Amino acid sequence: MTDVSMTVNGEERTASVPPETTLLTVLRENFFLTGSKLGCDVGDCGACTVLVDGIPVNACLMLAGQAEGRDIVTIEGLANQDGMHPLQQAFENLASLQCGFCGPGVIISAKALLEENPDPSVDDIRDALSGNLCRCTGYTKMIEAVQDAARIMRGESADEAA
Ligand code: FES
Ligand code: FES
């Protein structure tokens, strides 16, 4: 067993795990943050996407030990006492998800995009979500939700023309 410590959604967390344990397993099974999903387990689907020092990462491919001392943000870290993150609100408003399994990873990837690019084009959004597979939707409503959230975060109204 090895001890791993990291900041998760602003809190210092430590776990004692076998060295081959992935970051996703630690988040889900040690820290009980089950928003990040286990889909393919091989880096294809993006359901496990979390931010590591602000960069979207497939948590199924990262060892927990590689997250030592890093800053991790999961979907559970987006809402605060004032309510949902604008991305979460926009996805809800537009009913952008169906089964929802891909949603946490999609929203985390979109968050990383909007932090880097507050006014993304449709192509920018498609690129940012290209590692997140969705078996239910056609992505159109997701892209609209990211555009709406971007407008809200820029201080515009959601239905204002981009
Ligand atoms: S579960 Fe990690 S990429 Fe699919
Ligand atoms: S909403 Fe079902 S996989 Fe995306």
# chains A, B, ... in the order shown; residues from 1 in each chain; ligands from 1
>>> residues_near_ligand(ligand="ligand 2", cutoff="8 Å", atoms="only C-alpha atoms and all ligand atoms", output="PDB file with all heavy atoms, in the first residue's frame")
ATOM      1  N   SER A  96     -29.866  18.833 -22.248  1.00  0.00           N
ATOM      2  CA  SER A  96     -28.819  18.460 -23.198  1.00  0.00           C
ATOM      3  C   SER A  96     -28.356  17.018 -23.073  1.00  0.00           C
ATOM      4  O   SER A  96     -27.606  16.547 -23.920  1.00  0.00           O
ATOM      5  CB  SER A  96     -27.607  19.386 -23.008  1.00  0.00           C
ATOM      6  OG  SER A  96     -27.959  20.712 -23.283  1.00  0.00           O
ATOM      7  N   LEU A  97     -28.752  16.346 -21.994  1.00  0.00           N
ATOM      8  CA  LEU A  97     -28.340  14.964 -21.782  1.00  0.00           C
ATOM      9  C   LEU A  97     -29.562  14.059 -21.804  1.00  0.00           C
ATOM     10  O   LEU A  97     -30.679  14.504 -21.535  1.00  0.00           O
ATOM     11  CB  LEU A  97     -27.621  14.824 -20.441  1.00  0.00           C
ATOM     12  CG  LEU A  97     -26.335  15.646 -20.295  1.00  0.00           C
ATOM     13  CD1 LEU A  97     -25.848  15.639 -18.849  1.00  0.00           C
ATOM     14  CD2 LEU A  97     -25.245  15.099 -21.222  1.00  0.00           C
ATOM     15  N   GLN A  98     -29.319  12.797 -22.102  1.00  0.00           N
ATOM     16  CA  GLN A  98     -30.411  11.824 -22.029  1.00  0.00           C
ATOM     17  C   GLN A  98     -30.148  10.886 -20.848  1.00  0.00           C
ATOM     18  O   GLN A  98     -30.589  11.154 -19.751  1.00  0.00           O
ATOM     19  CB  GLN A  98     -30.578  11.121 -23.366  1.00  0.00           C
ATOM     20  CG  GLN A  98     -31.113  12.095 -24.427  1.00  0.00           C
ATOM     21  CD  GLN A  98     -31.319  11.477 -25.781  1.00  0.00           C
ATOM     22  OE1 GLN A  98     -31.523  10.285 -25.936  1.00  0.00           O
ATOM     23  NE2 GLN A  98     -31.268  12.307 -26.808  1.00  0.00           N
ATOM     24  N   CYS A  99     -29.375   9.811 -21.031  1.00  0.00           N
ATOM     25  CA  CYS A  99     -29.112   8.949 -19.865  1.00  0.00           C
ATOM     26  C   CYS A  99     -28.235   9.668 -18.841  1.00  0.00           C
ATOM     27  O   CYS A  99     -28.286   9.370 -17.657  1.00  0.00           O
ATOM     28  CB  CYS A  99     -28.468   7.629 -20.291  1.00  0.00           C
ATOM     29  SG  CYS A  99     -26.691   7.736 -20.601  1.00  0.00           S
ATOM     30  N   GLY A 100     -27.382  10.575 -19.294  1.00  0.00           N
ATOM     31  CA  GLY A 100     -26.547  11.368 -18.392  1.00  0.00           C
ATOM     32  C   GLY A 100     -25.200  10.771 -18.069  1.00  0.00           C
ATOM     33  O   GLY A 100     -24.376  11.427 -17.419  1.00  0.00           O
ATOM     34  N   PHE A 101     -24.927   9.545 -18.519  1.00  0.00           N
ATOM     35  CA  PHE A 101     -23.683   8.883 -18.121  1.00  0.00           C
ATOM     36  C   PHE A 101     -22.444   9.665 -18.564  1.00  0.00           C
ATOM     37  O   PHE A 101     -21.460   9.756 -17.824  1.00  0.00           O
ATOM     38  CB  PHE A 101     -23.638   7.461 -18.701  1.00  0.00           C
ATOM     39  CG  PHE A 101     -22.562   6.600 -18.132  1.00  0.00           C
ATOM     40  CD1 PHE A 101     -22.739   5.941 -16.927  1.00  0.00           C
ATOM     41  CD2 PHE A 101     -21.349   6.462 -18.790  1.00  0.00           C
ATOM     42  CE1 PHE A 101     -21.731   5.150 -16.388  1.00  0.00           C
ATOM     43  CE2 PHE A 101     -20.327   5.668 -18.256  1.00  0.00           C
ATOM     44  CZ  PHE A 101     -20.529   5.016 -17.058  1.00  0.00           C
ATOM     45  N   CYS A 102     -22.505  10.239 -19.732  1.00  0.00           N
ATOM     46  CA  CYS A 102     -21.353  10.992 -20.250  1.00  0.00           C
ATOM     47  C   CYS A 102     -21.251  12.388 -19.641  1.00  0.00           C
ATOM     48  O   CYS A 102     -20.227  13.062 -19.800  1.00  0.00           O
ATOM     49  CB  CYS A 102     -21.463  11.128 -21.767  1.00  0.00           C
ATOM     50  SG  CYS A 102     -22.860  12.188 -22.274  1.00  0.00           S
ATOM     51  N   GLY A 103     -22.336  12.843 -18.993  1.00  0.00           N
ATOM     52  CA  GLY A 103     -22.472  14.246 -18.613  1.00  0.00           C
ATOM     53  C   GLY A 103     -21.356  14.808 -17.750  1.00  0.00           C
ATOM     54  O   GLY A 103     -20.826  15.894 -18.061  1.00  0.00           O
ATOM     55  N   LEU A 133     -17.349  10.686 -25.464  1.00  0.00           N
ATOM     56  CA  LEU A 133     -18.313   9.984 -26.304  1.00  0.00           C
ATOM     57  C   LEU A 133     -19.682   9.963 -25.647  1.00  0.00           C
ATOM     58  O   LEU A 133     -19.800   9.720 -24.445  1.00  0.00           O
ATOM     59  CB  LEU A 133     -17.852   8.546 -26.568  1.00  0.00           C
ATOM     60  CG  LEU A 133     -16.484   8.410 -27.233  1.00  0.00           C
ATOM     61  CD1 LEU A 133     -16.210   6.955 -27.568  1.00  0.00           C
ATOM     62  CD2 LEU A 133     -16.392   9.277 -28.486  1.00  0.00           C
ATOM     63  N   CYS A 134     -20.704  10.215 -26.453  1.00  0.00           N
ATOM     64  CA  CYS A 134     -22.084  10.149 -25.985  1.00  0.00           C
ATOM     65  C   CYS A 134     -22.843   9.213 -26.902  1.00  0.00           C
ATOM     66  O   CYS A 134     -22.837   9.395 -28.120  1.00  0.00           O
ATOM     67  CB  CYS A 134     -22.722  11.538 -26.005  1.00  0.00           C
ATOM     68  SG  CYS A 134     -24.472  11.479 -25.556  1.00  0.00           S
ATOM     69  N   ARG A 135     -23.491   8.205 -26.312  1.00  0.00           N
ATOM     70  CA  ARG A 135     -24.220   7.235 -27.124  1.00  0.00           C
ATOM     71  C   ARG A 135     -25.678   7.627 -27.319  1.00  0.00           C
ATOM     72  O   ARG A 135     -26.406   6.954 -28.032  1.00  0.00           O
ATOM     73  CB  ARG A 135     -24.156   5.844 -26.462  1.00  0.00           C
ATOM     74  CG  ARG A 135     -22.749   5.334 -26.347  1.00  0.00           C
ATOM     75  CD  ARG A 135     -22.708   3.964 -25.751  1.00  0.00           C
ATOM     76  NE  ARG A 135     -23.357   2.990 -26.638  1.00  0.00           N
ATOM     77  CZ  ARG A 135     -23.355   1.693 -26.418  1.00  0.00           C
ATOM     78  NH1 ARG A 135     -22.769   1.208 -25.359  1.00  0.00           N
ATOM     79  NH2 ARG A 135     -23.965   0.873 -27.243  1.00  0.00           N
ATOM     80  N   CYS A 136     -26.132   8.693 -26.634  1.00  0.00           N
ATOM     81  CA  CYS A 136     -27.561   9.013 -26.652  1.00  0.00           C
ATOM     82  C   CYS A 136     -27.900  10.214 -27.520  1.00  0.00           C
ATOM     83  O   CYS A 136     -28.911  10.210 -28.204  1.00  0.00           O
ATOM     84  CB  CYS A 136     -28.053   9.316 -25.245  1.00  0.00           C
ATOM     85  SG  CYS A 136     -27.750   8.027 -24.044  1.00  0.00           S
ATOM     86  N   THR A 137     -27.115  11.267 -27.427  1.00  0.00           N
ATOM     87  CA  THR A 137     -27.505  12.531 -28.040  1.00  0.00           C
ATOM     88  C   THR A 137     -26.757  12.734 -29.347  1.00  0.00           C
ATOM     89  O   THR A 137     -25.842  11.989 -29.670  1.00  0.00           O
ATOM     90  CB  THR A 137     -27.166  13.720 -27.117  1.00  0.00           C
ATOM     91  OG1 THR A 137     -25.760  13.952 -27.170  1.00  0.00           O
ATOM     92  CG2 THR A 137     -27.588  13.459 -25.679  1.00  0.00           C
TER      93      THR A 137
END
>>> residues_near_ligand(ligand="ligand 1", cutoff="10 Å", atoms="only C-alpha atoms and all ligand atoms", output="ChimeraX atom specification")
/A:24,36-50,57-62,102,105,131-133
>>> write_last_selection(atoms="N, CA and C atoms", output="PDB file, in the first residue's frame")
ATOM      1  N   LEU A  24      -9.122   7.431 -10.883  1.00  0.00           N
ATOM      2  CA  LEU A  24     -10.583   7.262 -10.905  1.00  0.00           C
ATOM      3  C   LEU A  24     -11.048   6.373  -9.753  1.00  0.00           C
ATOM      4  N   SER A  36     -17.710  11.066 -11.414  1.00  0.00           N
ATOM      5  CA  SER A  36     -16.836  10.655 -12.516  1.00  0.00           C
ATOM      6  C   SER A  36     -17.107   9.184 -12.789  1.00  0.00           C
ATOM      7  N   LYS A  37     -17.403   8.846 -14.034  1.00  0.00           N
ATOM      8  CA  LYS A  37     -17.875   7.496 -14.353  1.00  0.00           C
ATOM      9  C   LYS A  37     -16.775   6.601 -14.921  1.00  0.00           C
ATOM     10  N   LEU A  38     -16.925   5.306 -14.661  1.00  0.00           N
ATOM     11  CA  LEU A  38     -16.074   4.304 -15.291  1.00  0.00           C
ATOM     12  C   LEU A  38     -16.820   3.772 -16.505  1.00  0.00           C
ATOM     13  N   GLY A  39     -16.338   4.160 -17.690  1.00  0.00           N
ATOM     14  CA  GLY A  39     -16.943   3.667 -18.920  1.00  0.00           C
ATOM     15  C   GLY A  39     -16.067   2.598 -19.517  1.00  0.00           C
ATOM     16  N   CYS A  40     -15.161   3.009 -20.406  1.00  0.00           N
ATOM     17  CA  CYS A  40     -14.341   2.050 -21.148  1.00  0.00           C
ATOM     18  C   CYS A  40     -13.147   1.545 -20.355  1.00  0.00           C
ATOM     19  N   ASP A  41     -12.618   2.354 -19.463  1.00  0.00           N
ATOM     20  CA  ASP A  41     -11.426   2.027 -18.667  1.00  0.00           C
ATOM     21  C   ASP A  41     -10.145   1.968 -19.501  1.00  0.00           C
ATOM     22  N   VAL A  42     -10.192   2.459 -20.730  1.00  0.00           N
ATOM     23  CA  VAL A  42      -8.984   2.438 -21.571  1.00  0.00           C
ATOM     24  C   VAL A  42      -8.721   3.787 -22.248  1.00  0.00           C
ATOM     25  N   GLY A  43      -9.349   4.851 -21.796  1.00  0.00           N
ATOM     26  CA  GLY A  43      -9.044   6.163 -22.349  1.00  0.00           C
ATOM     27  C   GLY A  43      -9.802   6.547 -23.603  1.00  0.00           C
ATOM     28  N   ASP A  44     -10.856   5.807 -23.932  1.00  0.00           N
ATOM     29  CA  ASP A  44     -11.593   6.107 -25.166  1.00  0.00           C
ATOM     30  C   ASP A  44     -12.826   6.982 -24.981  1.00  0.00           C
ATOM     31  N   CYS A  45     -13.504   6.892 -23.843  1.00  0.00           N
ATOM     32  CA  CYS A  45     -14.864   7.453 -23.765  1.00  0.00           C
ATOM     33  C   CYS A  45     -14.960   8.807 -23.066  1.00  0.00           C
ATOM     34  N   GLY A  46     -14.030   9.124 -22.201  1.00  0.00           N
ATOM     35  CA  GLY A  46     -14.064  10.420 -21.515  1.00  0.00           C
ATOM     36  C   GLY A  46     -15.031  10.514 -20.352  1.00  0.00           C
ATOM     37  N   ALA A  47     -15.716   9.418 -20.021  1.00  0.00           N
ATOM     38  CA  ALA A  47     -16.687   9.479 -18.919  1.00  0.00           C
ATOM     39  C   ALA A  47     -16.018   9.759 -17.578  1.00  0.00           C
ATOM     40  N   CYS A  48     -14.727   9.496 -17.508  1.00  0.00           N
ATOM     41  CA  CYS A  48     -13.981   9.648 -16.252  1.00  0.00           C
ATOM     42  C   CYS A  48     -13.229  10.977 -16.172  1.00  0.00           C
ATOM     43  N   THR A  49     -13.529  11.904 -17.084  1.00  0.00           N
ATOM     44  CA  THR A  49     -12.722  13.135 -17.181  1.00  0.00           C
ATOM     45  C   THR A  49     -12.800  13.974 -15.905  1.00  0.00           C
ATOM     46  N   VAL A  50     -11.642  14.350 -15.396  1.00  0.00           N
ATOM     47  CA  VAL A  50     -11.540  15.291 -14.269  1.00  0.00           C
ATOM     48  C   VAL A  50     -10.468  16.312 -14.641  1.00  0.00           C
ATOM     49  N   VAL A  57      -8.274  15.406 -17.874  1.00  0.00           N
ATOM     50  CA  VAL A  57      -7.498  14.168 -17.895  1.00  0.00           C
ATOM     51  C   VAL A  57      -8.462  12.989 -17.756  1.00  0.00           C
ATOM     52  N   ASN A  58      -8.149  11.897 -18.455  1.00  0.00           N
ATOM     53  CA  ASN A  58      -8.910  10.663 -18.252  1.00  0.00           C
ATOM     54  C   ASN A  58      -8.409  10.008 -16.960  1.00  0.00           C
ATOM     55  N   ALA A  59      -9.229  10.073 -15.926  1.00  0.00           N
ATOM     56  CA  ALA A  59      -8.788   9.576 -14.617  1.00  0.00           C
ATOM     57  C   ALA A  59      -8.598   8.070 -14.602  1.00  0.00           C
ATOM     58  N   CYS A  60      -9.151   7.365 -15.589  1.00  0.00           N
ATOM     59  CA  CYS A  60      -8.950   5.909 -15.643  1.00  0.00           C
ATOM     60  C   CYS A  60      -7.543   5.562 -16.097  1.00  0.00           C
ATOM     61  N   LEU A  61      -6.853   6.525 -16.720  1.00  0.00           N
ATOM     62  CA  LEU A  61      -5.504   6.259 -17.241  1.00  0.00           C
ATOM     63  C   LEU A  61      -4.409   6.800 -16.341  1.00  0.00           C
ATOM     64  N   MET A  62      -4.780   7.520 -15.292  1.00  0.00           N
ATOM     65  CA  MET A  62      -3.775   8.141 -14.427  1.00  0.00           C
ATOM     66  C   MET A  62      -3.701   7.367 -13.121  1.00  0.00           C
ATOM     67  N   CYS A 102     -22.505  10.239 -19.732  1.00  0.00           N
ATOM     68  CA  CYS A 102     -21.353  10.992 -20.250  1.00  0.00           C
ATOM     69  C   CYS A 102     -21.251  12.388 -19.641  1.00  0.00           C
ATOM     70  N   GLY A 105     -18.241  14.011 -17.459  1.00  0.00           N
ATOM     71  CA  GLY A 105     -17.023  14.191 -18.239  1.00  0.00           C
ATOM     72  C   GLY A 105     -17.162  15.303 -19.257  1.00  0.00           C
ATOM     73  N   GLY A 131     -13.100  14.187 -27.038  1.00  0.00           N
ATOM     74  CA  GLY A 131     -12.704  13.000 -26.267  1.00  0.00           C
ATOM     75  C   GLY A 131     -13.817  12.470 -25.390  1.00  0.00           C
ATOM     76  N   ASN A 132     -15.005  13.035 -25.516  1.00  0.00           N
ATOM     77  CA  ASN A 132     -16.138  12.616 -24.678  1.00  0.00           C
ATOM     78  C   ASN A 132     -17.200  11.982 -25.578  1.00  0.00           C
ATOM     79  N   LEU A 133     -17.349  10.686 -25.464  1.00  0.00           N
ATOM     80  CA  LEU A 133     -18.313   9.984 -26.304  1.00  0.00           C
ATOM     81  C   LEU A 133     -19.682   9.963 -25.647  1.00  0.00           C
TER      82      LEU A 133
END
>>> select_by_dssp(residues="region 30-133 of chain A", states="alpha helix (DSSP H)", output="PyMOL selection string")
chain A and resi 86-93+103-116+122-128
>>> write_last_selection(atoms="N, CA, C and O atoms", output="CSV table (one decimal), in the first residue's frame")
chain,number,residue,atom,x,y,z
A,86,PRO,N,-22.8,27.6,-14.1
A,86,PRO,CA,-23.6,27.9,-15.3
A,86,PRO,C,-23.6,26.8,-16.3
A,86,PRO,O,-24.6,26.7,-17.0
A,87,LEU,N,-22.6,26.0,-16.4
A,87,LEU,CA,-22.6,24.9,-17.4
A,87,LEU,C,-23.7,23.9,-17.0
A,87,LEU,O,-24.5,23.4,-17.8
A,88,GLN,N,-23.7,23.5,-15.7
A,88,GLN,CA,-24.7,22.6,-15.2
A,88,GLN,C,-26.1,23.1,-15.4
A,88,GLN,O,-27.0,22.4,-15.9
A,89,GLN,N,-26.3,24.4,-15.1
A,89,GLN,CA,-27.6,25.0,-15.3
A,89,GLN,C,-28.0,25.0,-16.8
A,89,GLN,O,-29.2,24.7,-17.1
A,90,ALA,N,-27.1,25.3,-17.6
A,90,ALA,CA,-27.4,25.3,-19.1
A,90,ALA,C,-27.7,23.9,-19.6
A,90,ALA,O,-28.7,23.8,-20.4
A,91,PHE,N,-27.0,22.9,-19.2
A,91,PHE,CA,-27.3,21.6,-19.6
A,91,PHE,C,-28.7,21.2,-19.1
A,91,PHE,O,-29.4,20.5,-19.8
A,92,GLU,N,-29.0,21.6,-17.9
A,92,GLU,CA,-30.4,21.3,-17.4
A,92,GLU,C,-31.4,22.0,-18.1
A,92,GLU,O,-32.4,21.5,-18.6
A,93,ASN,N,-31.2,23.3,-18.3
A,93,ASN,CA,-32.2,24.1,-19.0
A,93,ASN,C,-32.5,23.6,-20.4
A,93,ASN,O,-33.7,23.6,-20.8
A,103,GLY,N,-22.3,12.8,-19.0
A,103,GLY,CA,-22.5,14.2,-18.6
A,103,GLY,C,-21.4,14.8,-17.8
A,103,GLY,O,-20.8,15.9,-18.1
A,104,PRO,N,-21.0,14.1,-16.7
A,104,PRO,CA,-19.9,14.7,-15.8
A,104,PRO,C,-18.6,15.0,-16.6
A,104,PRO,O,-18.0,16.0,-16.5
A,105,GLY,N,-18.2,14.0,-17.5
A,105,GLY,CA,-17.0,14.2,-18.2
A,105,GLY,C,-17.2,15.3,-19.3
A,105,GLY,O,-16.2,16.1,-19.5
A,106,VAL,N,-18.3,15.4,-19.9
A,106,VAL,CA,-18.6,16.4,-20.9
A,106,VAL,C,-18.5,17.8,-20.2
A,106,VAL,O,-17.8,18.7,-20.8
A,107,ILE,N,-19.1,17.9,-19.1
A,107,ILE,CA,-19.2,19.2,-18.4
A,107,ILE,C,-17.8,19.6,-17.9
A,107,ILE,O,-17.4,20.8,-18.0
A,108,ILE,N,-17.0,18.7,-17.4
A,108,ILE,CA,-15.7,19.0,-17.0
A,108,ILE,C,-14.8,19.4,-18.2
A,108,ILE,O,-14.1,20.4,-18.1
A,109,SER,N,-15.0,18.8,-19.3
A,109,SER,CA,-14.2,19.2,-20.5
A,109,SER,C,-14.6,20.6,-21.0
A,109,SER,O,-13.8,21.4,-21.3
A,110,ALA,N,-15.9,20.9,-20.9
A,110,ALA,CA,-16.4,22.2,-21.3
A,110,ALA,C,-15.9,23.2,-20.3
A,110,ALA,O,-15.6,24.4,-20.7
A,111,LYS,N,-15.8,22.9,-19.0
A,111,LYS,CA,-15.3,23.9,-18.1
A,111,LYS,C,-13.9,24.3,-18.4
A,111,LYS,O,-13.5,25.4,-18.4
A,112,ALA,N,-13.1,23.3,-18.7
A,112,ALA,CA,-11.7,23.6,-19.1
A,112,ALA,C,-11.6,24.5,-20.3
A,112,ALA,O,-10.8,25.4,-20.4
A,113,LEU,N,-12.5,24.2,-21.3
A,113,LEU,CA,-12.5,25.0,-22.5
A,113,LEU,C,-12.9,26.5,-22.1
A,113,LEU,O,-12.2,27.4,-22.5
A,114,LEU,N,-13.9,26.7,-21.3
A,114,LEU,CA,-14.4,28.0,-21.1
A,114,LEU,C,-13.4,28.8,-20.2
A,114,LEU,O,-13.3,30.0,-20.2
A,115,GLU,N,-12.6,28.1,-19.4
A,115,GLU,CA,-11.6,28.8,-18.6
A,115,GLU,C,-10.5,29.3,-19.5
A,115,GLU,O,-9.9,30.4,-19.3
A,116,GLU,N,-10.2,28.6,-20.6
A,116,GLU,CA,-9.2,29.0,-21.5
A,116,GLU,C,-9.7,29.9,-22.6
A,116,GLU,O,-9.0,30.8,-23.1
A,122,VAL,N,-18.3,27.1,-32.4
A,122,VAL,CA,-18.9,25.7,-32.4
A,122,VAL,C,-17.7,24.7,-32.6
A,122,VAL,O,-17.7,23.7,-32.0
A,123,ASP,N,-16.8,25.0,-33.6
A,123,ASP,CA,-15.7,24.1,-33.8
A,123,ASP,C,-14.8,24.0,-32.6
A,123,ASP,O,-14.3,22.9,-32.3
A,124,ASP,N,-14.6,25.1,-31.9
A,124,ASP,CA,-13.8,25.0,-30.6
A,124,ASP,C,-14.5,24.0,-29.6
A,124,ASP,O,-13.8,23.3,-28.9
A,125,ILE,N,-15.8,24.2,-29.5
A,125,ILE,CA,-16.5,23.3,-28.6
A,125,ILE,C,-16.5,21.8,-29.0
A,125,ILE,O,-16.2,20.9,-28.2
A,126,ARG,N,-16.7,21.6,-30.3
A,126,ARG,CA,-16.6,20.2,-30.8
A,126,ARG,C,-15.2,19.7,-30.5
A,126,ARG,O,-15.1,18.5,-30.1
A,127,ASP,N,-14.1,20.5,-30.7
A,127,ASP,CA,-12.8,20.0,-30.5
A,127,ASP,C,-12.6,19.6,-29.0
A,127,ASP,O,-12.1,18.6,-28.6
A,128,ALA,N,-13.1,20.5,-28.1
A,128,ALA,CA,-13.0,20.3,-26.7
A,128,ALA,C,-13.7,19.1,-26.2
A,128,ALA,O,-13.3,18.4,-25.2
>>> atom_distance(atom1="CA of Leu78 (chain A)", atom2="CA of Gly10 (chain A)")
10.7 Å
>>> closest_residue(among="A:Thr140, A:Ser5, A:Gly54, A:Thr34", to="Glu76 (chain A)", atoms="only C-alpha atoms")
A:Thr34
>>> select_by_dssp(residues="chain A", states="strand (DSSP E)", output="MDAnalysis selection string")
chainID A and resid 2:8 11:17 49:52 55:58 71:73
>>> closest_residue(among="A:Ser130, A:Ser16, A:Thr7, A:Asn30", to="Val73 (chain A)", atoms="only C-alpha atoms")
A:Thr7
>>> atom_distance(atom1="CA of Ala149 (chain A)", atom2="CA of Ala79 (chain A)")
13.7 Å
>>> atom_distance(atom1="CA of Leu51 (chain A)", atom2="CA of Ile72 (chain A)")
5.5 Å
